[in-house]
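Worksheet for the structure shown next.
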Amino acid sequence: MKNPTSTAPSTTARTAGRKEWTAFVVLLLPLLLVSMDISVLYFAAPSISRELDPSATQQLWIFDVYGFALAGLLITMGSLGDRIGRRKLLLFGAVAFGLASVGAAYAPSAELLIAARALLGVGGATLMPSTMALVRNMFTDEKQRTKAIGIWSGAMAGGIAVGSVMSGIMLEHFWWGSVFLINVPAMLLLLVLAPVLVPEFKDPKPGRFDLLSIPLSMGAVLPAIYGLKEIAANGFTVPMAALIALGAALALVFVRRQRSLPHAMINPALFRDRRFGAGISLNTIAAIAMMGSALFTTQYLQLVLGMSTMKAAFWSLAPSIAVGIAAPAAAAIAQKIDRAYVMAVGFLIGAAGFAILILAGTDSLALLIIGAGVISCGIVTVMVLVTDMALSTAPLEKAGSAASLLETGQEFGGALGMAVLGSIATAVYRSDVPASAPSAARETLGGAAATGDAGLLHLAREAFVHGM
């Protein structure tokens with residue numbers, strides 16, 4: 001029998017039972033798959049290149065269009081879930097994600113694969129805020145909600161790491177499209193179980209949906225994230241800086257419009273409690289650190305230590321195991337100690353992890369794994385607690401909008417971390433590589449490796465570590 005629809009916010013916290021925790025396990029399915037799809041193409045890229053023969057630009061879009069569609073639509077989908085129902089949006093997203101996975105698996109051309117990846121991003125944008133908002137709705141007891149968000153955060157981080165390993169295993173036995181078909185059984189299972197186990201929640205008085213806010217929100221997010229990623233990859237350019245400025249200008253227009261609308265996509269009342277804005281800000285800072293460190297550690301494993309992609313992916317699982325322990329532990333500790341102190345300690349632990357990376361040389365696998373693990377434990381501690389803090393301040397009927405803002409801030413933080421820290425490291429690398437080296441070697445460590453010059457490669461590896 002289907003669960004009744006809840007529309008009004010609850011004024012008293014109630015203890016969640018077995019039914020809610022079972023529903024929570026169901027909600028982890030889409031979360032894992034969305035996070036896995038961020039990294040699932042790492043191993044499939046060579047096979048896709050052979051089979052579909054994409055141009056260099058098409059290959060970049062095959063990787064990036066998923067993340068862009070996801071980031072650009074988070075705010076819209078979070079608000080839409082508040083209006084039509086989070087479970088309903090979750091089910092729509094599951095259908096879109098499953099169909100797009102089949103389309104991507106059997107795409108006969110690069111253009112159709114890019115289109116399927118874009119649809120996957122649209123589906124992902126519906127799934128992520130829906131799952132987080134439903135967690136907020138099902139767990140109104142503070143202790144249980146913090147515990148659930150701790151598990152949620154650990155699953156999210158673990159999914160990204162597992163995605164690359166899973167794709168490598170699948171490609172050992174099947175064709176490249178099989179990495180997308182992993183999603184289909186899980187989405188079918190979600191479509192069967194969610195209507196029975198997951199309750200429905202929505203805003204009882206959502207008001208009119210402002211269509212103009214959709215392109216404004218996308219215009220605020222996409223140019224800025226694209227510009228930051230391009231600067232991280234290719235260095236500072238005036239066109240990319242102009243794109244970031246355009247995003248900032250559209251963000252200002254978007255905010256002003258939200259303040260003037262009686263039923264805004266993002267209700268300004270969310271920010272009346274300073275903990276909400278603080279949660280988004282701290283979550284963005286944490287994402288800067290997390291993605292910035294990941295940018296270096298993955299390259300270090302492959303280009304400095306010379307590991308195969310598969311071996312590097314397995315080693316990168318080690319920090320994820322630590323995260324799986326740290327996230328629930330942080331939630332438990334915050335029940336006994338003021339969470340402000342726990343967050344501060346989390347940032348200090350993250351800083352200690354970066355300090356460990358300072359000691360790494362060109363043959364320091366143990367230091368790298370320990371440093372990355374310590375960083376991950378510290379940063380996930382912060383993310384768990386700020387997510388819970390921000391969501392707890394949001395009215396139940398606006399949980400989808402609140403979740404989408406948190407996740408959009410995280411996307412911005414990841415792009416900013418890659419751009420800022422990546423640019424610093426690149427500048428140091430270029431200053432350390434001899435001016436007489438080939439231009440490709442002066443640009444990247446991968447370019448130095450391609451020259452086949454052992455002496456130059458040794459210097460380039462030292463330059464990379466110095467930059468890191």
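Identifiers for the structure tokens are assigned positionally: chains receive A, B, ... in sequence, residues are indexed from 1 per chain, and ligands are indexed from 1 in the order shown.
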
Need the shell around A:Gly292: protein/DNA/RNA residues with any atom at most 6 Å away, counting only C-alpha atoms. Skip same-chain ones fewer than 2 positions apart. Format as a PyMOL selection string? chain A and resi 288-290+294-295+417-418+421

Against stretch 379-402 of chain A, which residues of stretch 196-294 of chain A fall within 6 Å? For each one I want the closest pair of atoms and the distance in Å (one decimal), counting only C-alpha atoms, rows by chain and increasing residue number, as JSON lines.
{"residue": "A:Lys202", "atom": "CA", "partner": "A:Glu397", "partner_atom": "CA", "distance": 5.9}
{"residue": "A:Asp203", "atom": "CA", "partner": "A:Glu397", "partner_atom": "CA", "distance": 4.5}
{"residue": "A:Phe276", "atom": "CA", "partner": "A:Ala390", "partner_atom": "CA", "distance": 4.3}
{"residue": "A:Gly279", "atom": "CA", "partner": "A:Val386", "partner_atom": "CA", "distance": 4.7}
{"residue": "A:Asn283", "atom": "CA", "partner": "A:Met383", "partner_atom": "CA", "distance": 5.6}
{"residue": "A:Ala286", "atom": "CA", "partner": "A:Ile379", "partner_atom": "CA", "distance": 5.7}

Could the residues in this selection be saved with all heavy atoms as an mmCIF file, in the first residue's frame?
data_model
loop_
_atom_site.group_PDB
_atom_site.id
_atom_site.type_symbol
_atom_site.label_atom_id
_atom_site.label_comp_id
_atom_site.auth_asym_id
_atom_site.auth_seq_id
_atom_site.Cartn_x
_atom_site.Cartn_y
_atom_site.Cartn_z
ATOM 1 N N LYS A 202 5.772 17.368 -0.077
ATOM 2 C CA LYS A 202 5.826 18.536 -0.947
ATOM 3 C C LYS A 202 5.296 19.754 -0.212
ATOM 4 O O LYS A 202 4.684 19.642 0.859
ATOM 5 C CB LYS A 202 5.035 18.298 -2.234
ATOM 6 C CG LYS A 202 3.541 18.085 -2.059
ATOM 7 C CD LYS A 202 2.884 17.856 -3.419
ATOM 8 C CE LYS A 202 1.391 17.615 -3.269
ATOM 9 N NZ LYS A 202 0.740 17.383 -4.576
ATOM 10 N N ASP A 203 5.542 20.911 -0.794
ATOM 11 C CA ASP A 203 5.074 22.171 -0.237
ATOM 12 C C ASP A 203 3.559 22.274 -0.451
ATOM 13 O O ASP A 203 3.088 22.173 -1.584
ATOM 14 C CB ASP A 203 5.787 23.327 -0.938
ATOM 15 C CG ASP A 203 5.503 24.672 -0.274
ATOM 16 O OD1 ASP A 203 4.546 24.763 0.516
ATOM 17 O OD2 ASP A 203 6.250 25.627 -0.567
ATOM 18 N N PHE A 276 22.087 28.817 7.909
ATOM 19 C CA PHE A 276 21.898 28.293 6.559
ATOM 20 C C PHE A 276 22.969 28.836 5.616
ATOM 21 O O PHE A 276 23.641 28.074 4.910
ATOM 22 C CB PHE A 276 20.499 28.644 6.042
ATOM 23 C CG PHE A 276 20.204 28.057 4.692
ATOM 24 C CD1 PHE A 276 19.913 26.713 4.555
ATOM 25 C CD2 PHE A 276 20.248 28.839 3.548
ATOM 26 C CE1 PHE A 276 19.648 26.166 3.304
ATOM 27 C CE2 PHE A 276 19.982 28.304 2.293
ATOM 28 C CZ PHE A 276 19.686 26.960 2.178
ATOM 29 N N GLY A 279 26.280 27.430 6.506
ATOM 30 C CA GLY A 279 26.439 26.045 6.074
ATOM 31 C C GLY A 279 26.837 25.946 4.614
ATOM 32 O O GLY A 279 27.728 25.174 4.247
ATOM 33 N N ASN A 283 30.467 24.602 3.398
ATOM 34 C CA ASN A 283 30.439 23.445 2.509
ATOM 35 C C ASN A 283 31.209 23.728 1.218
ATOM 36 O O ASN A 283 31.916 22.865 0.687
ATOM 37 C CB ASN A 283 28.991 23.091 2.189
ATOM 38 C CG ASN A 283 28.828 21.664 1.690
ATOM 39 O OD1 ASN A 283 29.440 20.738 2.214
ATOM 40 N ND2 ASN A 283 28.008 21.483 0.677
ATOM 41 N N ALA A 286 34.907 23.607 2.037
ATOM 42 C CA ALA A 286 35.328 22.208 2.168
ATOM 43 C C ALA A 286 35.488 21.553 0.801
ATOM 44 O O ALA A 286 36.420 20.769 0.576
ATOM 45 C CB ALA A 286 34.309 21.443 3.015
#

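Taking only C-alpha atoms, the non-local environment of A:Ala415 within 6 Å (same-chain residues fewer than 4 positions away omitted) comprises Ile225, Leu228 and Lys229 of chain A.
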
Expected file contents, prior selection, N, CA, C and O atoms, as a short mmCIF file (atom, residue, chain, number, x, y, z; two decimals), in the first residue's frame:
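Output (out-v4.cif):
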data_model
loop_
_atom_site.label_atom_id
_atom_site.label_comp_id
_atom_site.auth_asym_id
_atom_site.auth_seq_id
_atom_site.Cartn_x
_atom_site.Cartn_y
_atom_site.Cartn_z
N ILE A 225 31.08 27.94 -13.75
CA ILE A 225 31.73 26.63 -13.58
C ILE A 225 32.56 26.27 -14.81
O ILE A 225 33.69 25.78 -14.70
N LEU A 228 35.75 28.39 -14.76
CA LEU A 228 36.70 27.93 -13.74
C LEU A 228 37.39 26.64 -14.17
O LEU A 228 38.61 26.47 -13.98
N LYS A 229 36.65 25.73 -14.77
CA LYS A 229 37.25 24.46 -15.22
C LYS A 229 38.24 24.69 -16.36
O LYS A 229 39.30 24.06 -16.42
#

Residue contacts of A:Gly409 (9 Å, only C-alpha atoms) excluding same-chain residues fewer than 3 positions away, as a VMD selection string: chain A and resid 280 to 281 283 to 285 287 404 to 406 412 to 414

Which distance in Å separates atom CA of A:Lys143 and atom CA of A:Pro328, to one decimal?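 The value is 11.4 Å.
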
Would you pick out the contacts of A:Phe354 at 10 Å or less, using only C-alpha atoms, so that residues sharing its chain but fewer than 3 positions from it are not included, and give the list as number ranges by chain? A: 289, 293, 348-351, 357-359, 368, 371-372, 374-375, 468

Residues from the last selection, N, CA and C atoms, saved as a compact mmCIF listing (two decimals), in the first residue's frame:
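Saved to again33.txt:
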# COMPACT_ATOMS: atom_id res chain seq x y z
N ALA A 289 38.79 22.40 -0.87
CA ALA A 289 39.90 21.60 -0.36
C ALA A 289 39.85 20.18 -0.88
N SER A 293 42.69 18.74 -3.54
CA SER A 293 43.61 17.65 -3.20
C SER A 293 43.45 16.48 -4.16
N LEU A 348 40.98 21.49 10.97
CA LEU A 348 42.37 21.30 11.42
C LEU A 348 42.92 19.95 10.95
N ILE A 349 42.08 18.91 11.00
CA ILE A 349 42.51 17.60 10.51
C ILE A 349 42.81 17.68 9.01
N GLY A 350 41.93 18.37 8.27
CA GLY A 350 42.18 18.56 6.84
C GLY A 350 43.49 19.28 6.59
N ALA A 351 43.75 20.32 7.37
CA ALA A 351 45.01 21.06 7.23
C ALA A 351 46.20 20.16 7.53
N LEU A 357 51.10 16.02 2.93
CA LEU A 357 51.42 16.01 1.50
C LEU A 357 52.64 16.87 1.19
N ILE A 358 52.89 17.88 2.03
CA ILE A 358 54.07 18.72 1.82
C ILE A 358 55.35 17.88 1.88
N LEU A 359 55.32 16.83 2.70
CA LEU A 359 56.51 16.00 2.90
C LEU A 359 56.74 15.00 1.77
N LEU A 368 51.40 9.83 0.53
CA LEU A 368 50.30 10.34 -0.27
C LEU A 368 48.97 9.75 0.20
N GLY A 371 48.16 11.11 3.69
CA GLY A 371 47.75 12.51 3.60
C GLY A 371 46.37 12.67 3.00
N ALA A 372 46.10 11.95 1.92
CA ALA A 372 44.79 12.03 1.28
C ALA A 372 43.70 11.51 2.21
N VAL A 374 43.76 11.53 5.54
CA VAL A 374 43.57 12.50 6.63
C VAL A 374 42.76 13.70 6.13
N ILE A 375 43.09 14.19 4.92
CA ILE A 375 42.32 15.29 4.33
C ILE A 375 40.86 14.90 4.20
N MET A 468 52.70 20.59 -6.22
CA MET A 468 51.70 19.97 -5.36
C MET A 468 51.90 20.40 -3.91

Would you mind telling me which residue in A:Ala441, A:Val162, A:Ala133, A:Leu191 lies nearest to A:Phe97 when using only C-alpha atoms?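 Answer, going by the shortest atom-to-atom distance: A:Leu191.
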
Residues near A:Arg257, anyone? I mean within 10 Å using only C-alpha atoms, not counting same-chain ones fewer than 3 positions away, as a VMD selection string. chain A and resid 210 212 to 213 216 251 to 254 260 to 261 264 to 266

Residues of stretch 382-453 of chain A that approach stretch 233-250 of chain A to 12 Å or less, counting only C-alpha atoms: could you list each one with the shortest pair of atoms and its distance in Å to one decimal, rows by chain and increasing residue number, as JSON lines?
{"residue": "A:Phe412", "atom": "CA", "partner": "A:Ile244", "partner_atom": "CA", "distance": 11.4}
{"residue": "A:Ala415", "atom": "CA", "partner": "A:Ala233", "partner_atom": "CA", "distance": 10.8}
{"residue": "A:Leu416", "atom": "CA", "partner": "A:Ile244", "partner_atom": "CA", "distance": 11.0}
{"residue": "A:Met418", "atom": "CA", "partner": "A:Ala233", "partner_atom": "CA", "distance": 8.5}
{"residue": "A:Ala419", "atom": "CA", "partner": "A:Ala233", "partner_atom": "CA", "distance": 7.6}
{"residue": "A:Val420", "atom": "CA", "partner": "A:Gly235", "partner_atom": "CA", "distance": 9.9}
{"residue": "A:Leu421", "atom": "CA", "partner": "A:Ala233", "partner_atom": "CA", "distance": 11.3}
{"residue": "A:Gly422", "atom": "CA", "partner": "A:Ala233", "partner_atom": "CA", "distance": 7.9}
{"residue": "A:Ser423", "atom": "CA", "partner": "A:Gly235", "partner_atom": "CA", "distance": 6.5}
{"residue": "A:Ile424", "atom": "CA", "partner": "A:Gly235", "partner_atom": "CA", "distance": 9.8}
{"residue": "A:Ala425", "atom": "CA", "partner": "A:Gly235", "partner_atom": "CA", "distance": 11.0}
{"residue": "A:Thr426", "atom": "CA", "partner": "A:Gly235", "partner_atom": "CA", "distance": 8.3}
{"residue": "A:Ala427", "atom": "CA", "partner": "A:Gly235", "partner_atom": "CA", "distance": 9.0}
{"residue": "A:Arg430", "atom": "CA", "partner": "A:Gly235", "partner_atom": "CA", "distance": 11.6}
{"residue": "A:Glu443", "atom": "CA", "partner": "A:Asn234", "partner_atom": "CA", "distance": 9.0}
{"residue": "A:Thr444", "atom": "CA", "partner": "A:Ala233", "partner_atom": "CA", "distance": 10.0}

Store the residues picked out above, limited to all heavy atoms, as a compact mmCIF listing (two decimals), in the first residue's frame.
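Saved the output as selection.txt:
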# COMPACT_ATOMS: atom_id res chain seq x y z
N PHE A 412 30.33 24.53 -7.17
CA PHE A 412 31.17 25.71 -7.31
C PHE A 412 32.50 25.52 -6.59
O PHE A 412 33.57 25.88 -7.11
CB PHE A 412 30.46 26.94 -6.74
CG PHE A 412 29.66 27.70 -7.76
CD1 PHE A 412 28.29 27.80 -7.65
CD2 PHE A 412 30.28 28.33 -8.83
CE1 PHE A 412 27.54 28.49 -8.59
CE2 PHE A 412 29.55 29.03 -9.77
CZ PHE A 412 28.17 29.12 -9.65
N ALA A 415 34.86 23.24 -8.59
CA ALA A 415 35.43 23.93 -9.75
C ALA A 415 36.46 24.97 -9.32
O ALA A 415 37.52 25.12 -9.94
CB ALA A 415 34.33 24.59 -10.57
N LEU A 416 36.15 25.69 -8.24
CA LEU A 416 37.07 26.72 -7.76
C LEU A 416 38.36 26.11 -7.21
O LEU A 416 39.46 26.62 -7.43
CB LEU A 416 36.38 27.55 -6.67
CG LEU A 416 37.05 28.85 -6.25
CD1 LEU A 416 37.18 29.80 -7.43
CD2 LEU A 416 36.26 29.51 -5.12
N MET A 418 39.76 23.28 -8.14
CA MET A 418 40.58 22.84 -9.28
C MET A 418 41.23 24.03 -9.98
O MET A 418 42.39 23.96 -10.38
CB MET A 418 39.72 22.06 -10.26
CG MET A 418 39.21 20.74 -9.71
SD MET A 418 38.07 19.89 -10.83
CE MET A 418 39.17 19.48 -12.17
N ALA A 419 40.48 25.14 -10.12
CA ALA A 419 41.01 26.30 -10.84
C ALA A 419 42.11 27.00 -10.06
O ALA A 419 43.20 27.25 -10.58
CB ALA A 419 39.87 27.27 -11.15
N VAL A 420 41.84 27.32 -8.81
CA VAL A 420 42.79 28.11 -8.02
C VAL A 420 44.03 27.28 -7.67
O VAL A 420 45.17 27.68 -7.95
CB VAL A 420 42.13 28.65 -6.74
CG1 VAL A 420 43.15 29.34 -5.86
CG2 VAL A 420 41.01 29.62 -7.10
N LEU A 421 43.81 26.11 -7.04
CA LEU A 421 44.96 25.32 -6.63
C LEU A 421 45.69 24.74 -7.84
O LEU A 421 46.92 24.65 -7.85
CB LEU A 421 44.51 24.20 -5.69
CG LEU A 421 43.83 24.67 -4.40
CD1 LEU A 421 43.51 23.49 -3.50
CD2 LEU A 421 44.69 25.67 -3.67
N GLY A 422 44.92 24.37 -8.87
CA GLY A 422 45.55 23.86 -10.08
C GLY A 422 46.39 24.91 -10.77
O GLY A 422 47.48 24.62 -11.29
N SER A 423 45.94 26.17 -10.78
CA SER A 423 46.70 27.25 -11.42
C SER A 423 48.00 27.53 -10.67
O SER A 423 49.05 27.76 -11.28
CB SER A 423 45.84 28.52 -11.48
OG SER A 423 44.71 28.32 -12.29
N ILE A 424 47.93 27.50 -9.34
CA ILE A 424 49.14 27.71 -8.55
C ILE A 424 50.16 26.61 -8.83
O ILE A 424 51.35 26.88 -9.07
CB ILE A 424 48.80 27.75 -7.04
CG1 ILE A 424 47.95 28.98 -6.73
CG2 ILE A 424 50.08 27.75 -6.20
CD1 ILE A 424 47.37 28.98 -5.33
N ALA A 425 49.70 25.37 -8.81
CA ALA A 425 50.61 24.25 -9.03
C ALA A 425 51.19 24.30 -10.44
O ALA A 425 52.39 24.01 -10.64
CB ALA A 425 49.86 22.93 -8.83
N THR A 426 50.38 24.66 -11.42
CA THR A 426 50.86 24.75 -12.80
C THR A 426 51.92 25.83 -12.94
O THR A 426 52.93 25.65 -13.64
CB THR A 426 49.69 25.04 -13.75
OG1 THR A 426 48.74 23.96 -13.66
CG2 THR A 426 50.16 25.16 -15.19
N ALA A 427 51.71 26.97 -12.29
CA ALA A 427 52.69 28.06 -12.35
C ALA A 427 54.04 27.63 -11.77
O ALA A 427 55.10 27.92 -12.33
CB ALA A 427 52.16 29.28 -11.61
N ARG A 430 55.72 25.09 -14.21
CA ARG A 430 56.32 25.71 -15.39
C ARG A 430 57.59 26.48 -15.05
O ARG A 430 58.52 26.54 -15.86
CB ARG A 430 55.30 26.64 -16.04
CG ARG A 430 54.17 25.89 -16.74
CD ARG A 430 53.07 26.83 -17.24
NE ARG A 430 52.01 26.10 -17.92
CZ ARG A 430 50.85 26.63 -18.26
NH1 ARG A 430 50.59 27.91 -17.98
NH2 ARG A 430 49.93 25.91 -18.87
N GLU A 443 54.22 22.31 -20.36
CA GLU A 443 52.81 22.52 -20.05
C GLU A 443 52.32 21.56 -18.96
O GLU A 443 51.68 21.99 -18.01
CB GLU A 443 51.97 22.33 -21.32
CG GLU A 443 52.11 23.44 -22.34
CD GLU A 443 51.61 24.77 -21.80
OE1 GLU A 443 50.53 24.79 -21.15
OE2 GLU A 443 52.29 25.79 -22.02
N THR A 444 52.60 20.26 -19.13
CA THR A 444 52.09 19.27 -18.19
C THR A 444 53.10 18.15 -17.97
O THR A 444 53.98 17.91 -18.81
CB THR A 444 50.78 18.62 -18.71
OG1 THR A 444 51.07 17.89 -19.92
CG2 THR A 444 49.71 19.67 -18.98

Between A:Trp21, A:Ala186, A:Pro223, A:Ser49, smallest distance to A:Ala148 by only C-alpha atoms belongs to A:Trp21

Need the shell around A:Trp61: protein/DNA/RNA residues with any atom at most 12 Å away, counting only C-alpha atoms. Skip same-chain ones fewer than 2 positions apart. Format as a list in words?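 Counting only the stated atoms, we get Leu41, Ala45, Pro54, Ser55, Ala56, Thr57, Gln58, Gln59, Phe63, Asp64, Val65, Tyr66, Gly67, Phe68, Ala69, Ala110, Glu111, Leu112, Leu113, Ile114, Ala115, Ala116, Arg117, Ala118 and Tyr226 of chain A.
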
Helix (DSSP H, G or I) residues, from DSSP on the backbone, in stretch 214-454 of chain A, as a PyMOL selection string: chain A and resi 214-234+238-260+268-272+274-304+309-315+317-333+339-358+365-393+396-432+439-443+445-451+454

For A:Pro262, which residue out of A:Arg208, A:Lys336, A:Ser320, A:Ala23 is the nearest one, using only C-alpha atoms? A:Arg208
